file model-v7.txt (compact mmCIF, C-alpha atoms (C1' of nucleotides))
# COMPACT_ATOMS: atom_id res chain seq x y z
CA MET A 17 36.06 17.14 101.34
CA THR A 18 38.22 20.22 101.52
CA LYS A 19 39.55 21.60 104.76
CA LEU A 20 37.65 24.84 104.27
CA ASN A 21 34.26 23.30 104.85
CA GLN A 22 35.43 21.52 107.97
CA SER A 23 35.53 24.91 109.65
CA TYR A 24 32.48 26.08 111.58
CA GLY A 25 33.48 29.66 110.90
CA PHE A 26 33.60 29.04 107.18
CA LEU A 27 30.18 27.38 107.18
CA PHE A 28 28.62 30.03 109.43
CA GLY A 29 30.06 32.68 107.14
CA LYS A 30 28.63 31.17 103.95
CA ILE A 31 25.17 30.68 105.36
CA LEU A 32 25.09 34.07 107.01
CA GLN A 33 26.19 35.79 103.82
CA GLN A 34 23.33 34.23 101.91
CA MET A 35 20.90 35.44 104.55
CA GLU A 36 22.45 38.91 104.65
CA ASN A 37 22.39 39.36 100.88
CA LYS A 38 18.77 38.33 100.64
CA PHE A 39 17.72 40.42 103.61
CA ALA A 40 19.59 43.48 102.32
CA GLU A 41 17.56 43.24 99.10
CA THR A 42 14.39 43.08 101.15
CA LEU A 43 15.33 46.24 103.05
CA THR A 44 16.29 48.29 99.98
CA PRO A 45 12.75 49.52 99.22
CA PHE A 46 12.43 50.63 102.86
CA ASN A 47 15.60 52.69 102.54
CA ILE A 48 17.38 51.15 105.54
CA ASP A 49 20.19 48.65 105.99
CA ALA A 50 20.50 45.72 108.36
CA ARG A 51 22.23 47.79 111.07
CA GLN A 52 19.48 50.36 111.03
CA TYR A 53 16.91 47.58 111.18
CA GLY A 54 18.67 46.29 114.27
CA VAL A 55 18.65 49.73 115.87
CA LEU A 56 14.96 50.12 115.08
CA LEU A 57 14.14 46.74 116.62
CA PHE A 58 16.20 47.60 119.68
CA VAL A 59 14.37 50.90 120.11
CA LYS A 60 11.05 49.12 119.89
CA GLU A 61 12.05 46.51 122.46
CA ASN A 62 13.74 49.07 124.73
CA PRO A 63 11.76 52.30 124.56
CA TYR A 64 13.28 55.50 125.98
CA SER A 65 16.80 54.18 125.36
CA THR A 66 19.59 56.72 124.91
CA GLN A 67 21.84 56.55 121.85
CA LYS A 68 24.71 55.64 124.14
CA LEU A 69 22.88 52.62 125.50
CA ILE A 70 21.95 51.32 122.05
CA ALA A 71 25.50 51.83 120.85
CA GLU A 72 26.84 49.81 123.76
CA LYS A 73 24.32 46.99 123.49
CA LEU A 74 24.61 46.63 119.73
CA HIS A 75 28.37 47.26 119.80
CA ILE A 76 28.22 50.12 117.36
CA ASP A 77 30.36 53.21 117.89
CA ARG A 78 28.33 56.11 119.32
CA THR A 79 29.44 58.40 116.46
CA THR A 80 28.15 55.83 113.99
CA MET A 81 24.96 55.60 116.01
CA VAL A 82 24.37 59.32 115.42
CA SER A 83 24.12 58.80 111.66
CA HIS A 84 21.94 55.69 112.03
CA VAL A 85 19.50 57.58 114.26
CA ASP A 86 19.69 60.65 111.98
CA HIS A 87 18.67 58.41 109.12
CA LEU A 88 15.85 56.69 111.00
CA GLU A 89 14.60 60.06 112.27
CA LYS A 90 14.61 61.58 108.78
CA LEU A 91 12.44 58.67 107.63
CA GLN A 92 10.25 59.32 110.69
CA PHE A 93 10.75 55.77 111.95
CA VAL A 94 12.00 56.99 115.36
CA GLU A 95 11.52 60.13 117.44
CA ARG A 96 14.21 61.88 119.47
CA THR A 97 12.56 63.14 122.64
CA LYS A 98 14.54 64.98 125.28
CA ASN A 99 15.06 63.11 128.52
CA PRO A 100 13.85 65.44 131.30
CA ASN A 101 16.11 63.75 133.85
CA ASP A 102 19.28 64.27 131.81
CA ARG A 103 19.08 67.00 129.25
CA ARG A 104 22.29 65.83 127.58
CA ALA A 105 20.62 62.63 126.43
CA TYR A 106 17.77 61.69 124.14
CA SER A 107 14.99 59.21 124.85
CA LEU A 108 14.30 57.37 121.62
CA LEU A 109 10.88 56.09 120.66
CA ILE A 110 9.70 54.16 117.64
CA THR A 111 6.92 55.79 115.61
CA GLU A 112 3.84 54.08 114.27
CA GLU A 113 5.36 54.08 110.81
CA GLY A 114 8.62 52.69 112.13
CA ASN A 115 6.73 49.98 113.89
CA SER A 116 4.84 49.07 110.76
CA VAL A 117 8.05 48.83 108.70
CA LEU A 118 9.57 46.72 111.44
CA GLU A 119 6.68 44.28 111.42
CA THR A 120 6.70 43.98 107.64
CA CYS A 121 10.45 43.44 107.49
CA TRP A 122 10.36 40.94 110.34
CA GLY A 123 8.12 38.75 108.22
CA PHE A 124 10.51 39.12 105.29
CA LEU A 125 13.43 38.28 107.55
CA LEU A 126 11.77 35.05 108.68
CA ASN A 127 10.97 34.20 105.05
CA THR A 128 14.57 34.83 104.03
CA GLU A 129 15.83 32.57 106.77
CA SER A 130 13.40 29.85 105.76
CA GLU A 131 14.56 30.11 102.16
CA VAL A 132 18.18 29.66 103.14
CA LEU A 133 17.37 26.80 105.52
CA PHE A 134 14.84 25.19 103.15
CA THR A 135 16.72 21.90 103.17
CA LEU A 136 16.12 21.38 106.90
CA ASN A 137 12.89 19.93 108.27
CA GLU A 138 11.10 21.50 111.22
CA GLN A 139 12.80 19.29 113.76
CA GLU A 140 16.26 20.06 112.38
CA LYS A 141 15.53 23.78 112.38
CA GLN A 142 14.31 23.65 115.98
CA SER A 143 17.37 21.69 117.02
CA LEU A 144 19.64 24.17 115.22
CA LYS A 145 18.01 27.13 116.93
CA ILE A 146 18.32 25.52 120.35
CA THR A 147 21.99 24.84 119.73
CA LEU A 148 22.66 28.39 118.53
CA LEU A 149 20.85 29.90 121.52
CA LYS A 150 22.84 27.67 123.85
CA VAL A 151 26.12 28.84 122.33
CA TRP A 152 25.11 32.48 122.34
CA SER A 153 23.93 32.35 125.95
CA SER A 154 27.19 30.79 127.02
CA LEU A 155 29.11 33.59 125.30
CA GLN A 156 27.04 36.26 127.02
CA ASN A 157 27.59 34.70 130.44
CA GLN A 158 31.30 34.58 129.69
CA GLY A 159 31.37 38.35 129.55
CA GLY A 160 31.17 38.29 125.80
CA LYS A 161 29.76 41.46 124.36
CA PHE A 162 26.43 41.94 122.64
CA TYR A 163 27.39 42.60 119.08
CA ASP A 164 25.69 44.27 116.15
CA CYS A 165 22.57 42.66 114.80
CA THR A 166 21.49 41.66 111.37
CA MET B 27 13.05 36.40 125.08
CA THR B 28 13.53 39.24 122.65
CA LYS B 29 12.70 38.97 118.98
CA LEU B 30 16.30 39.58 118.03
CA ASN B 31 17.50 36.24 119.29
CA GLN B 32 14.72 34.39 117.53
CA SER B 33 16.50 35.19 114.28
CA TYR B 34 18.94 32.64 112.88
CA GLY B 35 20.80 35.45 111.15
CA PHE B 36 21.24 37.32 114.42
CA LEU B 37 22.51 34.21 116.21
CA PHE B 38 24.81 33.21 113.33
CA GLY B 39 26.16 36.75 113.29
CA LYS B 40 26.94 36.83 117.01
CA ILE B 41 28.69 33.49 117.05
CA LEU B 42 30.60 34.17 113.85
CA GLN B 43 31.77 37.53 115.13
CA GLN B 44 33.22 35.92 118.24
CA MET B 45 35.07 33.42 116.08
CA GLU B 46 36.28 36.09 113.67
CA ASN B 47 37.56 38.39 116.41
CA LYS B 48 39.47 35.60 118.10
CA PHE B 49 40.86 34.25 114.84
CA ALA B 50 41.92 37.73 113.67
CA GLU B 51 43.98 38.05 116.85
CA THR B 52 45.61 34.72 116.11
CA LEU B 53 46.56 35.83 112.61
CA THR B 54 48.04 39.19 113.64
CA PRO B 55 51.54 37.88 114.40
CA PHE B 56 51.58 36.17 110.99
CA ASN B 57 50.79 39.48 109.32
CA ILE B 58 47.76 38.24 107.36
CA ASP B 59 44.01 38.64 107.72
CA ALA B 60 41.24 36.07 107.42
CA ARG B 61 40.71 36.73 103.71
CA GLN B 62 44.37 36.18 102.97
CA TYR B 63 44.30 33.02 105.05
CA GLY B 64 41.41 31.83 102.88
CA VAL B 65 43.31 32.62 99.70
CA LEU B 66 46.36 30.79 101.02
CA LEU B 67 44.30 27.73 101.90
CA PHE B 68 42.64 27.81 98.49
CA VAL B 69 46.02 27.97 96.75
CA LYS B 70 47.21 25.01 98.75
CA GLU B 71 44.15 22.94 97.94
CA ASN B 72 44.07 24.07 94.30
CA PRO B 73 47.66 24.43 93.10
CA TYR B 74 48.37 26.23 89.81
CA SER B 75 45.17 28.27 90.19
CA THR B 76 45.03 31.62 88.41
CA GLN B 77 44.11 34.76 90.35
CA LYS B 78 40.91 34.94 88.34
CA LEU B 79 39.83 31.46 89.42
CA ILE B 80 40.49 32.14 93.11
CA ALA B 81 38.65 35.44 92.89
CA GLU B 82 35.62 33.71 91.40
CA LYS B 83 35.57 30.79 93.81
CA LEU B 84 36.10 32.92 96.91
CA HIS B 85 33.86 35.69 95.58
CA ILE B 86 36.48 38.37 95.93
CA ASP B 87 36.89 41.01 93.24
CA ARG B 88 39.90 40.30 90.99
CA THR B 89 41.35 43.75 91.66
CA THR B 90 41.16 43.03 95.39
CA MET B 91 42.75 39.64 94.71
CA VAL B 92 45.78 41.42 93.23
CA SER B 93 46.55 43.08 96.55
CA HIS B 94 45.93 39.91 98.55
CA VAL B 95 48.34 37.96 96.35
CA ASP B 96 50.82 40.87 96.37
CA HIS B 97 50.77 40.68 100.15
CA LEU B 98 51.14 36.91 100.31
CA GLU B 99 53.93 37.01 97.73
CA LYS B 100 55.82 39.72 99.63
CA LEU B 101 55.72 37.48 102.71
CA GLN B 102 56.90 34.62 100.47
CA PHE B 103 53.87 32.50 101.34
CA VAL B 104 52.93 32.04 97.66
CA GLU B 105 54.84 32.09 94.37
CA ARG B 106 53.60 33.62 91.13
CA THR B 107 54.80 31.37 88.33
CA LYS B 108 53.95 32.11 84.72
CA ASN B 109 51.51 29.72 83.09
CA PRO B 110 53.20 28.48 79.89
CA ASN B 111 49.82 27.71 78.31
CA ASP B 112 48.46 31.23 78.83
CA ARG B 113 51.08 33.87 79.32
CA ARG B 114 48.49 36.38 80.49
CA ALA B 115 47.83 34.37 83.65
CA TYR B 116 49.81 33.29 86.68
CA SER B 117 49.92 29.83 88.19
CA LEU B 118 49.99 30.26 91.94
CA LEU B 119 51.78 27.89 94.26
CA ILE B 120 52.09 27.84 98.02
CA THR B 121 55.64 27.91 99.41
CA GLU B 122 57.02 25.75 102.17
CA GLU B 123 56.81 28.71 104.54
CA GLY B 124 53.27 29.47 103.47
CA ASN B 125 52.34 25.88 104.07
CA SER B 126 53.87 25.92 107.53
CA VAL B 127 51.97 29.10 108.47
CA LEU B 128 48.79 27.55 107.12
CA GLU B 129 49.21 24.42 109.23
CA THR B 130 49.96 26.39 112.38
CA CYS B 131 47.00 28.69 111.88
CA TRP B 132 44.67 25.83 111.06
CA GLY B 133 45.32 24.45 114.51
CA PHE B 134 44.63 27.85 116.04
CA LEU B 135 41.44 28.14 113.99
CA LEU B 136 40.17 24.82 115.33
CA ASN B 137 41.08 25.90 118.87
CA THR B 138 39.24 29.18 118.41
CA GLU B 139 36.15 27.39 117.21
CA SER B 140 36.29 25.00 120.13
CA GLU B 141 36.56 27.90 122.55
CA VAL B 142 33.48 29.56 121.13
CA LEU B 143 31.53 26.28 121.06
CA PHE B 144 32.83 25.14 124.47
CA THR B 145 29.32 24.76 125.83
CA LEU B 146 28.44 22.02 123.32
CA ASN B 147 29.39 18.40 123.86
CA GLU B 148 30.96 16.31 121.09
CA GLN B 149 27.64 14.94 119.91
CA GLU B 150 26.07 18.40 119.71
CA LYS B 151 29.08 19.73 117.81
CA GLN B 152 28.94 16.85 115.33
CA SER B 153 25.24 17.36 114.84
CA LEU B 154 25.75 21.09 114.30
CA LYS B 155 28.45 20.51 111.70
CA ILE B 156 26.29 18.01 109.83
CA THR B 157 23.41 20.47 109.78
CA LEU B 158 25.62 23.33 108.57
CA LEU B 159 27.15 21.18 105.84
CA LYS B 160 23.69 20.12 104.73
CA VAL B 161 22.55 23.73 104.45
CA TRP B 162 25.69 24.84 102.65
CA SER B 163 25.52 21.95 100.18
CA SER B 164 21.93 22.77 99.38
CA LEU B 165 22.88 26.39 98.70
CA GLN B 166 25.69 25.37 96.36
CA ASN B 167 23.42 23.05 94.39
CA GLN B 168 20.93 25.88 94.13
CA GLY B 169 23.43 27.87 92.10
CA GLY B 170 24.45 29.79 95.16
CA LYS B 171 27.89 31.27 94.88
CA PHE B 172 30.99 30.23 96.78
CA TYR B 173 31.64 33.18 99.03
CA ASP B 174 34.65 34.49 100.84
CA CYS B 175 36.12 32.36 103.54
CA THR B 176 37.02 33.01 107.10
C1' DT C 27 37.31 41.04 70.06
C1' DA C 28 37.78 38.96 74.69
C1' DT C 29 40.49 37.95 78.80
C1' DT C 30 44.29 38.25 82.76
C1' DG C 31 46.40 41.07 85.51
C1' DT C 32 47.24 45.81 86.88
C1' DT C 33 46.63 50.63 88.37
C1' DA C 34 44.21 54.72 89.73
C1' DT C 35 40.22 56.22 91.67
C1' DA C 36 35.93 56.43 94.23
C1' DC C 37 32.76 54.72 97.45
C1' DT C 38 31.09 52.67 101.86
C1' DC C 39 31.56 51.75 106.48
C1' DT C 40 33.61 52.67 110.59
C1' DA C 41 36.73 54.74 114.10
C1' DT C 42 39.37 58.86 116.32
C1' DA C 43 39.70 63.34 118.13
C1' DA C 44 37.93 67.61 119.26
C1' DC C 45 33.91 70.31 120.27
C1' DT C 46 29.05 71.77 122.94
C1' DA C 47 25.95 71.35 126.38
C1' DT C 48 24.84 69.49 130.20
C1' DA C 49 25.87 66.72 134.74
C1' DT D 4 35.83 66.54 135.92
C1' DA D 5 32.97 63.38 133.37
C1' DT D 6 29.31 62.25 130.05
C1' DA D 7 25.72 62.44 125.74
C1' DG D 8 25.61 63.86 121.55
C1' DT D 9 27.77 65.99 117.51
C1' DT D 10 31.05 67.11 113.82
C1' DA D 11 35.07 66.77 110.88
C1' DT D 12 38.39 63.82 109.48
C1' DA D 13 40.98 59.69 108.53
C1' DG D 14 41.35 54.92 107.88
C1' DA D 15 40.02 50.18 106.33
C1' DG D 16 38.03 47.41 102.78
C1' DT D 17 36.08 47.03 98.50
C1' DA D 18 34.35 48.09 93.75
C1' DT D 19 34.60 50.59 88.99
C1' DA D 20 36.87 51.97 84.95
C1' DA D 21 40.66 52.27 81.97
C1' DC D 22 45.02 50.28 80.46
C1' DA D 23 48.85 46.67 78.81
C1' DA D 24 49.89 42.19 77.41
C1' DT D 25 48.18 38.17 75.50
C1' DA D 26 44.57 35.04 73.56

call {"tool": "encode", "arguments": {"input": "model-v7.txt", "output": "structure tokens"}}
result
Amino acid sequence: MTKLNQSYGFLFGKILQQMENKFAETLTPFNIDARQYGVLLFVKENPYSTQKLIAEKLHIDRTTMVSHVDHLEKLQFVERTKNPNDRRAYSLLITEEGNSVLETCWGFLLNTESEVLFTLNEQEKQSLKITLLKVWSSLQNQGGKFYDCT
Amino acid sequence: MTKLNQSYGFLFGKILQQMENKFAETLTPFNIDARQYGVLLFVKENPYSTQKLIAEKLHIDRTTMVSHVDHLEKLQFVERTKNPNDRRAYSLLITEEGNSVLETCWGFLLNTESEVLFTLNEQEKQSLKITLLKVWSSLQNQGGKFYDCT
DNA sequence: TATTGTTATACTCTATAACTATA
DNA sequence: TATAGTTATAGAGTATAACAATA
């Protein structure tokens, strides 16, 4: 037993990297990366969001957000509609096509995670998810920020 | 409950990012980053390694490894000694100072992890570590690669 | 001919500062 | 005066290709 794998961070990192690599492959044919997938999912779950809000919630710089939304708009996965109450800001909406890509990729994401966690039985997976949610909730309540999504 | 936090990858990512941010702060005064800490720990646990071997095991490109080792050597945390059996390659060794930094930072790393996992009791933490080790072992046996360390 | 380490270079991702149009 | 979005630019971090020394 080496010291390296006594570190939670090390173990989280290894497992996450496997998931990220597999999921990135999945997304390639759809022409988006994991960040853009996260933005798309956020827009679906929070319609009429401004770019500023998404940037804050996903902890992505607002200038970076511009290029993500540019990309998603060019693919016609989101629409930029002008907010009548504040003409400086956009109200973002997911399109039907964007929604369909999201649904497809969500299935692939779950598959990817199952592949990486194949060694765990259902009870172990449930227990792991409960633990992770507990930790994440505690960090949010602590004033921890809502970081970028996979 | 949003879909985002039903994803293991999303939850792993959030928790890992908290750990990484905190640990990066810890390392700042020692003038190294998390990758270099990983290299240093690997050199300690695998003395006389070549740069090539470390690069392969930690899944870092060998040209990137050059600059990591350059940096660690400049700080006198590792020594490059010539391998008499293969004069193309170095045999890397950790120095006393490197070892002392490593020990100090290891303590900080464990503290950081405890801070992030503060909401879990000892039994939950043990159970989490066992689960993570199980997943990581299964990935290694699958031919999964040994990725970069935190 | 293949391999270790090196260098120069390019590419990706992100952040900083300055700009515009609104508020 | 402050804010949403944009643009141009610079900075990490990493990867690719070509080279020297050695196998």

call {"tool": "closest_atom_pairs", "arguments": {"input": "model-v7.txt", "of": "chain A", "to": "chain B", "cutoff": "9 Å", "atoms": "all atoms listed in the file", "output": "Markdown table"}}
result
| residue | atom | partner | partner_atom | distance |
| --- | --- | --- | --- | --- |
| A:Thr18 | CA | B:Glu71 | CA | 7.4 |
| A:Lys19 | CA | B:Leu67 | CA | 8.3 |
| A:Leu20 | CA | B:Leu67 | CA | 7.6 |
| A:Asn21 | CA | B:Leu159 | CA | 7.5 |
| A:Gln22 | CA | B:Lys155 | CA | 8.0 |
| A:Ser23 | CA | B:Leu136 | CA | 7.3 |
| A:Tyr24 | CA | B:Glu139 | CA | 6.8 |
| A:Gly25 | CA | B:Leu42 | CA | 6.1 |
| A:Phe26 | CA | B:Thr176 | CA | 5.2 |
| A:Leu27 | CA | B:Leu158 | CA | 6.3 |
| A:Phe28 | CA | B:Phe38 | CA | 6.3 |
| A:Gly29 | CA | B:Leu42 | CA | 6.9 |
| A:Lys30 | CA | B:Tyr173 | CA | 6.1 |
| A:Ile31 | CA | B:Trp162 | CA | 6.5 |
| A:Leu32 | CA | B:Gly35 | CA | 6.1 |
| A:Gln33 | CA | B:Tyr173 | CA | 7.7 |
| A:Gln34 | CA | B:Gly170 | CA | 8.2 |
| A:Met35 | CA | B:Gly35 | CA | 6.6 |
| A:Glu36 | CA | B:Gly35 | CA | 7.5 |
| A:Gly54 | CA | B:Leu30 | CA | 8.0 |
| A:Leu57 | CA | B:Leu30 | CA | 7.6 |
| A:Phe58 | CA | B:Leu30 | CA | 8.2 |
| A:Glu61 | CA | B:Thr28 | CA | 7.4 |
| A:Leu125 | CA | B:Ser33 | CA | 8.0 |
| A:Leu126 | CA | B:Ser33 | CA | 7.3 |
| A:Glu129 | CA | B:Tyr34 | CA | 6.9 |
| A:Val132 | CA | B:Leu165 | CA | 7.2 |
| A:Leu133 | CA | B:Val161 | CA | 6.1 |
| A:Phe134 | CA | B:Val161 | CA | 8.0 |
| A:Thr135 | CA | B:Val161 | CA | 6.2 |
| A:Leu136 | CA | B:Val161 | CA | 7.3 |
| A:Glu140 | CA | B:Thr157 | CA | 7.6 |
| A:Lys141 | CA | B:Thr157 | CA | 8.9 |
| A:Ser143 | CA | B:Leu154 | CA | 8.8 |
| A:Leu144 | CA | B:Leu154 | CA | 6.9 |
| A:Lys145 | CA | B:Tyr34 | CA | 6.9 |
| A:Thr147 | CA | B:Leu154 | CA | 7.6 |
| A:Leu148 | CA | B:Leu37 | CA | 6.3 |
| A:Leu149 | CA | B:Leu37 | CA | 7.0 |
| A:Lys150 | CA | B:Thr145 | CA | 7.4 |
| A:Val151 | CA | B:Leu143 | CA | 6.1 |
| A:Trp152 | CA | B:Ile41 | CA | 6.5 |
| A:Ser154 | CA | B:Thr145 | CA | 6.5 |
| A:Leu155 | CA | B:Val142 | CA | 7.3 |
| A:Gly160 | CA | B:Gln44 | CA | 8.2 |
| A:Lys161 | CA | B:Gln44 | CA | 9.0 |
| A:Phe162 | CA | B:Lys40 | CA | 7.6 |
| A:Tyr163 | CA | B:Lys40 | CA | 6.1 |
| A:Asp164 | CA | B:Lys40 | CA | 7.6 |
| A:Cys165 | CA | B:Phe36 | CA | 5.5 |
| A:Thr166 | CA | B:Phe36 | CA | 5.3 |

call {"tool": "closest_atom_pairs", "arguments": {"input": "model-v7.txt", "of": "chain B", "to": "chain D", "cutoff": "12 Å", "atoms": "all atoms listed in the file", "output": "JSON lines"}}
result
{"residue": "B:Asp59", "atom": "CA", "partner": "D:DG16", "partner_atom": "C1'", "distance": 11.7}
{"residue": "B:Arg61", "atom": "CA", "partner": "D:DG16", "partner_atom": "C1'", "distance": 11.1}
{"residue": "B:His85", "atom": "CA", "partner": "D:DT17", "partner_atom": "C1'", "distance": 11.9}
{"residue": "B:Ile86", "atom": "CA", "partner": "D:DT17", "partner_atom": "C1'", "distance": 9.0}
{"residue": "B:Asp87", "atom": "CA", "partner": "D:DA18", "partner_atom": "C1'", "distance": 7.5}
{"residue": "B:Arg88", "atom": "CA", "partner": "D:DA18", "partner_atom": "C1'", "distance": 10.0}
{"residue": "B:Thr89", "atom": "CA", "partner": "D:DA18", "partner_atom": "C1'", "distance": 8.5}
{"residue": "B:Thr90", "atom": "CA", "partner": "D:DT17", "partner_atom": "C1'", "distance": 7.2}
{"residue": "B:Met91", "atom": "CA", "partner": "D:DT17", "partner_atom": "C1'", "distance": 10.7}
{"residue": "B:Ser93", "atom": "CA", "partner": "D:DT17", "partner_atom": "C1'", "distance": 11.4}
{"residue": "B:His94", "atom": "CA", "partner": "D:DG16", "partner_atom": "C1'", "distance": 11.7}
{"residue": "B:Asn109", "atom": "CA", "partner": "D:DT25", "partner_atom": "C1'", "distance": 11.8}
{"residue": "B:Pro110", "atom": "CA", "partner": "D:DT25", "partner_atom": "C1'", "distance": 11.8}
{"residue": "B:Asn111", "atom": "CA", "partner": "D:DA26", "partner_atom": "C1'", "distance": 10.2}
{"residue": "B:Asp112", "atom": "CA", "partner": "D:DA26", "partner_atom": "C1'", "distance": 7.6}
{"residue": "B:Arg113", "atom": "CA", "partner": "D:DT25", "partner_atom": "C1'", "distance": 6.4}
{"residue": "B:Arg114", "atom": "CA", "partner": "D:DT25", "partner_atom": "C1'", "distance": 5.3}
{"residue": "B:Ala115", "atom": "CA", "partner": "D:DT25", "partner_atom": "C1'", "distance": 9.0}

call {"tool": "atom_distance", "arguments": {"input": "model-v7.txt", "atom1": "CA of Gln102 in chain B", "atom2": "C1' of DT29 in chain C"}}
result
27.4 Å

call {"tool": "atom_distance", "arguments": {"input": "model-v7.txt", "atom1": "CA of Lys38 in chain A", "atom2": "CA of Glu138 in chain A"}}
result
21.3 Å

call {"tool": "interface_residues", "arguments": {"input": "model-v7.txt", "of": "chain C", "to": "chain B", "cutoff": "8 Å", "atoms": "only C-alpha atoms (C1' of nucleotides)", "output": "list in words"}}
result
DT30, DG31 and DT32 of chain C

call {"tool": "residues_around", "arguments": {"input": "model-v7.txt", "residues": "Ile48 in chain A", "least_positions_apart": "4", "cutoff": "10 Å", "atoms": "all atoms listed in the file", "output": "list in words"}}
result
Ala40, Thr42, Leu43, Thr44, Gln52, Tyr53, Leu56, His84, His87, Leu88 and Leu91 of chain A

call {"tool": "atom_distance", "arguments": {"input": "model-v7.txt", "atom1": "CA of Thr121 in chain B", "atom2": "CA of Pro73 in chain B"}}
result
10.8 Å

call {"tool": "residues_around", "arguments": {"input": "model-v7.txt", "residues": "Val59 in chain A", "least_positions_apart": "6", "cutoff": "9 Å", "atoms": "all atoms listed in the file", "output": "list in words"}}
result
Ser65, Ile70, Val94, Leu108, Leu109 and Ile110 of chain A
